[in-house]
Every structure is written in C-alpha cells, then in structure tokens.
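Okay, run.pdb now, which holds PDB, C-alpha atoms:
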ATOM      1  CA  THR A   1      12.786   0.471  10.220
ATOM      2  CA  GLY A   2      10.248   3.169   9.239
ATOM      3  CA  VAL A   3       7.916   3.575   6.286
ATOM      4  CA  LEU A   4       7.449   5.872   3.308
ATOM      5  CA  VAL A   5       3.987   7.471   3.264
ATOM      6  CA  ARG A   6       2.366   8.423  -0.056
ATOM      7  CA  GLU A   7      -0.836  10.494  -0.114
ATOM      8  CA  ARG A   8      -2.727  11.071  -3.333
ATOM      9  CA  VAL A   9      -6.074  12.180  -4.724
ATOM     10  CA  HIS A  10      -6.986  10.219  -7.855
ATOM     11  CA  GLY A  11      -9.531  11.447 -10.347
ATOM     12  CA  VAL A  12     -11.108  11.037 -13.741
ATOM     13  CA  VAL A  13     -11.491  13.624 -16.474
ATOM     14  CA  GLU A  14     -15.053  14.418 -17.522
ATOM     15  CA  SER A  15     -15.666  17.119 -20.160
ATOM     16  CA  SER A  16     -12.083  18.398 -19.702
ATOM     17  CA  VAL A  17     -12.585  18.751 -15.910
ATOM     18  CA  ARG A  18     -10.730  16.578 -13.405
ATOM     19  CA  VAL A  19     -13.204  15.059 -10.926
ATOM     20  CA  PRO A  20     -11.758  13.486  -7.734
ATOM     21  CA  VAL A  21     -12.886   9.898  -7.098
ATOM     22  CA  GLU A  22     -10.590   8.654  -4.343
ATOM     23  CA  VAL A  23      -8.205   9.695  -1.597
ATOM     24  CA  ALA A  24      -5.404   7.165  -1.149
ATOM     25  CA  THR A  25      -2.715   6.793   1.494
ATOM     26  CA  THR A  26      -0.040   4.113   1.159
ATOM     27  CA  TRP A  27       2.622   3.027   3.643
ATOM     28  CA  ILE A  28       5.657   1.194   2.183
ATOM     29  CA  THR A  29       8.381  -0.430   4.268
ATOM     30  CA  MET A  30      11.818   1.137   3.871
ATOM     31  CA  GLY A  31      13.205  -2.239   2.794
ATOM     32  CA  ALA A  32      10.758  -2.219  -0.119
ATOM     33  CA  VAL A  33      11.597   1.429  -0.893
ATOM     34  CA  GLU A  34      15.285   0.494  -1.143
ATOM     35  CA  ARG A  35      14.406  -2.324  -3.540
ATOM     36  CA  VAL A  36      11.888  -0.222  -5.552
ATOM     37  CA  PRO A  37      13.163   3.379  -5.259
ATOM     38  CA  VAL A  38      10.769   4.677  -7.954
ATOM     39  CA  VAL A  39       7.984   4.540  -5.322
ATOM     40  CA  ARG A  40       9.423   7.827  -4.029
ATOM     41  CA  ASP A  41       8.418   9.532  -7.310
ATOM     42  CA  VAL A  42       5.136  11.411  -7.663
ATOM     43  CA  ASP A  43       4.402   9.571 -10.924
ATOM     44  CA  THR A  44       5.529   5.953 -10.757
ATOM     45  CA  GLY A  45       4.494   5.277 -14.369
ATOM     46  CA  PRO A  46       1.889   3.067 -16.055
ATOM     47  CA  GLY A  47       0.507   0.439 -13.694
ATOM     48  CA  GLY A  48       1.676   2.433 -10.682
ATOM     49  CA  ILE A  49       3.303   1.007  -7.584
ATOM     50  CA  THR A  50       1.867  -2.479  -8.110
ATOM     51  CA  ARG A  51       3.591  -2.849 -11.474
ATOM     52  CA  ARG A  52       6.858  -1.428 -10.103
ATOM     53  CA  PHE A  53       6.822  -4.066  -7.337
ATOM     54  CA  ALA A  54       6.284  -6.831  -9.913
ATOM     55  CA  GLU A  55       9.112  -5.507 -12.098
ATOM     56  CA  ALA A  56      11.408  -5.580  -9.045
ATOM     57  CA  GLY A  57      10.671  -9.292  -8.585
ATOM     58  CA  TYR A  58       8.070  -9.147  -5.829
ATOM     59  CA  THR A  59       5.368 -11.807  -5.846
ATOM     60  CA  LEU A  60       2.695 -10.225  -3.704
ATOM     61  CA  THR A  61      -0.536 -11.536  -2.283
ATOM     62  CA  TYR A  62      -3.262  -9.190  -1.140
ATOM     63  CA  GLU A  63      -5.816  -8.935   1.613
ATOM     64  CA  ASP A  64      -8.596  -6.374   1.170
ATOM     65  CA  VAL A  65     -11.077  -5.248   3.798
ATOM     66  CA  THR A  66     -13.896  -3.132   2.366
ATOM     67  CA  SER A  67     -16.641  -1.276   4.189
ATOM     68  CA  ALA A  68     -18.908   1.727   3.752
ATOM     69  CA  ARG A  69     -19.026   4.723   6.059
ATOM     70  CA  LEU A  70     -19.707   8.443   6.117
ATOM     71  CA  PRO A  71     -16.763  10.637   5.078
ATOM     72  CA  GLY A  72     -14.756  12.802   7.441
ATOM     73  CA  PHE A  73     -14.409  16.561   6.899
ATOM     74  CA  THR A  74     -11.154  16.372   4.900
ATOM     75  CA  GLU A  75     -12.487  13.511   2.771
ATOM     76  CA  ARG A  76     -15.637  15.507   2.012
ATOM     77  CA  GLU A  77     -13.489  18.431   0.862
ATOM     78  CA  ARG A  78     -11.094  16.350  -1.224
ATOM     79  CA  LEU A  79     -13.817  14.226  -2.851
ATOM     80  CA  ASP A  80     -16.414  17.008  -3.079
ATOM     81  CA  VAL A  81     -19.136  14.903  -1.430
ATOM     82  CA  ASP A  82     -21.854  15.735   1.086
ATOM     83  CA  ALA A  83     -21.650  14.689   4.741
ATOM     84  CA  GLY A  84     -24.523  12.226   4.271
ATOM     85  CA  GLN A  85     -23.095  10.433   1.227
ATOM     86  CA  PRO A  86     -21.384   7.153   2.141
ATOM     87  CA  VAL A  87     -17.923   6.394   0.819
ATOM     88  CA  SER A  88     -16.209   3.063   0.256
ATOM     89  CA  ASP A  89     -13.319   2.487   2.666
ATOM     90  CA  VAL A  90     -10.804  -0.069   1.397
ATOM     91  CA  TRP A  91      -7.791  -1.267   3.379
ATOM     92  CA  ARG A  92      -5.285  -3.430   1.488
ATOM     93  CA  ARG A  93      -2.330  -5.290   2.926
ATOM     94  CA  SER A  94       0.251  -6.454   0.378
ATOM     95  CA  TYR A  95       2.285  -9.435   1.531
ATOM     96  CA  GLU A  96       5.536 -10.954   0.374
ATOM     97  CA  GLY A  97       5.261 -14.363   1.989
ATOM     98  CA  ASP A  98       3.876 -13.671   5.460
ATOM     99  CA  ARG A  99       5.379 -10.164   5.730
ATOM    100  CA  VAL A 100       3.451  -6.967   4.945
ATOM    101  CA  VAL A 101       5.542  -4.749   2.643
ATOM    102  CA  LYS A 102       2.830  -2.247   1.714
ATOM    103  CA  ALA A 103      -0.479  -1.152   3.215
ATOM    104  CA  SER A 104      -2.986   1.163   1.575
ATOM    105  CA  ASN A 105      -6.196   2.913   2.506
ATOM    106  CA  ARG A 106      -8.489   4.125  -0.270
ATOM    107  CA  VAL A 107     -11.536   6.269   0.439
ATOM    108  CA  ILE A 108     -13.672   6.206  -2.692
ATOM    109  CA  ASN A 109     -16.758   7.996  -3.968
ATOM    110  CA  PRO A 110     -18.782   4.916  -5.022
ATOM    111  CA  LEU A 111     -21.065   7.027  -7.207
ATOM    112  CA  LEU A 112     -18.106   7.722  -9.516
ATOM    113  CA  HIS A 113     -15.883   4.661  -9.160
ATOM    114  CA  GLN A 114     -16.533   0.925  -8.926
ATOM    115  CA  LEU A 115     -14.175  -1.544  -7.303
ATOM    116  CA  VAL A 116     -13.123  -4.459  -9.481
ATOM    117  CA  HIS A 117     -10.608  -6.938  -8.047
ATOM    118  CA  ARG A 118      -8.817  -9.565 -10.104
ATOM    119  CA  TYR A 119      -6.237 -11.661  -8.244
TER     120      TYR A 119
END
Show me the file's structure as structure tokens.
Amino acid sequence: TGVLVRERVHGVVESSVRVPVEVATTWITMGAVERVPVVRDVDTGPGGITRRFAEAGYTLTYEDVTSARLPGFTERERLDVDAGQPVSDVWRRSYEGDRVVKASNRVINPLLHQLVHRY
C-alpha cells in the first residue's frame, strides 16, 4: 500500500522577512494520492491539500490531538526557537468514513501562530 510523505516549513512574512512558524509532516495513502495527484506538487494551490481533497469529492472528518512539549534539535533549528520554549504539537487524522486517508503532525511556535479549528 504505502504512503506519500510531505515535509514542509510554513512561515509568515514580517517586514519583508519570512519567519518560520511551523514544521509540518503529512502522510497520505497511495489510494488518496491516485485520486488527488496534485498532492505530489510542492504548491498544491489556495486552500492546500484540504481543499484539493474536497474538490476530488472526499468528505473528511478530523480528529486532532494537541499537546505542548519542548522542541527537538531539528525543530529548534527550523523554527528558530530556544530549547526551553514550548511548542504546540498537533496530530491530525483525516478520515473518509472509518478509514484514515491522511495523517499530519504540525509542530508550531505558539508565540507566532494560534490554532483555530472550525469543523
């Protein structure tokens, strides 16, 4: 079966400088990749992967697990945070029916980015 793995660093632009706010890793089932091949692209367009899934006819439900923890070495480098600054750790499972088609982990600098969920 297998999965496609996407790794990204998302940021915001402040005073013409890109500031990293989150490190994201997403795992997508190959069945979903076949149905939504644009998820292989670096830039999946406005609304990202979630919108591409909806356009392909998926009706997804989500399960989020959120916690706070100290960042690992690579996360500290990518997010430019100190070892003692907690990060938000968000795991999301995206279900079609009772089957997971996508899972994501987001490690976020909560000083720069708030989580807002609307389902």
Practice problem: Would you kindly return, as JSON, numbers by chain, each protein, DNA or RNA residue with an atom no farther than 12 Å from any atom of Leu60 of chain A, considering all atoms listed in the file and excluding same-chain residues fewer than 3 positions away? | Solution: {"A": [32, 49, 50, 51, 52, 53, 54, 55, 56, 57, 63, 92, 93, 94, 95, 96, 97, 98, 99, 100, 101, 102, 103, 119]}
Those residues with C-alpha atoms, as a PDB file, keeping the file's coordinate frame please?
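Printed below is out12.pdb as written:
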ATOM      1  CA  ALA A  32      10.758  -2.219  -0.119  1.00  0.00           C
ATOM      2  CA  ILE A  49       3.303   1.007  -7.584  1.00  0.00           C
ATOM      3  CA  THR A  50       1.867  -2.479  -8.110  1.00  0.00           C
ATOM      4  CA  ARG A  51       3.591  -2.849 -11.474  1.00  0.00           C
ATOM      5  CA  ARG A  52       6.858  -1.428 -10.103  1.00  0.00           C
ATOM      6  CA  PHE A  53       6.822  -4.066  -7.337  1.00  0.00           C
ATOM      7  CA  ALA A  54       6.284  -6.831  -9.913  1.00  0.00           C
ATOM      8  CA  GLU A  55       9.112  -5.507 -12.098  1.00  0.00           C
ATOM      9  CA  ALA A  56      11.408  -5.580  -9.045  1.00  0.00           C
ATOM     10  CA  GLY A  57      10.671  -9.292  -8.585  1.00  0.00           C
ATOM     11  CA  GLU A  63      -5.816  -8.935   1.613  1.00  0.00           C
ATOM     12  CA  ARG A  92      -5.285  -3.430   1.488  1.00  0.00           C
ATOM     13  CA  ARG A  93      -2.330  -5.290   2.926  1.00  0.00           C
ATOM     14  CA  SER A  94       0.251  -6.454   0.378  1.00  0.00           C
ATOM     15  CA  TYR A  95       2.285  -9.435   1.531  1.00  0.00           C
ATOM     16  CA  GLU A  96       5.536 -10.954   0.374  1.00  0.00           C
ATOM     17  CA  GLY A  97       5.261 -14.363   1.989  1.00  0.00           C
ATOM     18  CA  ASP A  98       3.876 -13.671   5.460  1.00  0.00           C
ATOM     19  CA  ARG A  99       5.379 -10.164   5.730  1.00  0.00           C
ATOM     20  CA  VAL A 100       3.451  -6.967   4.945  1.00  0.00           C
ATOM     21  CA  VAL A 101       5.542  -4.749   2.643  1.00  0.00           C
ATOM     22  CA  LYS A 102       2.830  -2.247   1.714  1.00  0.00           C
ATOM     23  CA  ALA A 103      -0.479  -1.152   3.215  1.00  0.00           C
ATOM     24  CA  TYR A 119      -6.237 -11.661  -8.244  1.00  0.00           C
TER      25      TYR A 119
END
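One finds atom CA of Asp89 of chain A at 27.7 Å from atom CA of Pro37 of chain A.
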Quiz item: How many Å lie between atom CA of Thr74 of chain A and atom CA of Arg40 of chain A, rounded to one decimal?
Solution: 24.0 Å
Quiz item: Which residues come within 9 Å of segment 111-118 of chain A, counting all atoms listed in the file, excluding same-chain residues fewer than 4 positions away, as a PyMOL selection string?
Solution: chain A and resi 12+19-22+87
Quiz item: Which residue gives the smallest distance to Asp64 of chain A among A:Val90, A:Val3, A:Val13, A:Met30, with all atoms listed in the file counted?
Solution: A:Val90
Self-check item: the PyMOL selection byres ((chain A and resi 9) around 8) applied to the shown file, residues as a PyMOL selection string
Solution: chain A and resi 7-8+10-11+20-24+78
Quiz item: Expressed in Å to a single decimal, how great is the separation between atom CA of Glu34 of chain A and atom CA of Gly48 of chain A?
Solution: 16.7 Å
Enclose all atoms of segment 78-84 of chain A listed in the file in an axis-aligned box, grow every side by 4 Å, and hand back centre and edge lengths in Å to one decimal, as JSON.
{"center_x": -17.8, "center_y": 14.6, "center_z": 0.8, "size_x": 21.4, "size_y": 12.8, "size_z": 15.8}
Quiz item: Of the residues A:Thr59, A:Ser88, A:Gly2, A:Ser104, which is the one nearest to Gly31 of chain A, using all atoms listed in the file?
Solution: A:Gly2
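The smallest atom-to-atom distance between Trp91 of chain A and any of A:Val5, A:Val42, A:Val33, A:Ala68, using only C-alpha atoms, is found for A:Ala68.
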Practice problem: Please evaluate the PyMOL selection byres ((chain A and resi 86) around 10) against the displayed coordinates and give the resulting residues as a ChimeraX atom specification. | Solution: /A:67-71,81-85,87-89,108-111
Quiz prompt | Distance criterion (only C-alpha atoms): nearest to Arg76 of chain A out of A:Asp41, A:Val107, A:Arg6, A:Pro46 | solution = A:Val107
